[in-house]
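A.B. asks: For reference, the structure I am asking about is given below.
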Amino acid sequence: MDRDWFRAACAEPTAAAQLRAHVSGVREILGRVAPIMPLIAAAAASDPEIAAQWPSGPDPRYTVQHAAAKALTSKPDAWEAWARATLIDHLCTDHA
């Protein structure tokens, strides 16, 4: 959460702008990290030194997403209207 892209995303003035910036930043990071996660997990399972390098508490990805969600829900733009319209579009087949 100390990275410039994350702080900039959370500082966006609208929910839509924050979502765009957040998805872009997360996509970039996970695109680099996801391929090596299975290797790290396998190495940590057999090597105590590697296991010691991985946080033992809550998953750091959850912590970041939780902070982003808190910032997102504080945006003054039409968050409720956007959420309602989005949910109707995706969950209701008879909304037309």
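A note on labels: chains of the structure tokens are A, B, ... as shown, every chain counts residues from 1, and ligands are counted from 1 in their shown order.
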Please report, as a VMD selection string, each residue of chain A to which DSSP assigns helix (DSSP H, G or I) when run on this structure's backbone.
C.D. replies: chain A and resid 4 to 11 15 to 46 48 to 53 60 to 73 79 to 91
A.B. asks: I'd like the neighbourhood of Ala51 of chain A as a list in words, where a residue qualifies if any of its atoms comes within 9 Å (using only C-alpha atoms), though same-chain residues fewer than 6 positions away should be ignored.
C.D. replies: Ile40, Ala41, Ala43, Ala44 and Ala45 of chain A
A.B. asks: Go through A:Arg27, A:Lys75, A:His90, A:Arg61 and flag the residue nearest Pro13 of chain A, using only C-alpha atoms for the distances.
C.D. replies: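 Under the stated criterion, the closest residue is A:Lys75.
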A.B. asks: Quick one: residues within 12 Å of Ile29 of chain A, only C-alpha atoms counted, chain neighbours fewer than 5 positions away excluded, as JSON, numbers by chain?
C.D. replies: {"A": [3, 5, 6, 22, 23, 24, 34, 35, 36, 61]}
A.B. asks: Just how far from atom CA of Arg7 of chain A is atom CA of Ala21 of chain A, in Å to one decimal?
C.D. replies: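 Taking atom CA of Ala21 of chain A as the start and atom CA of Arg7 of chain A as the end point, the length is 10.0 Å.
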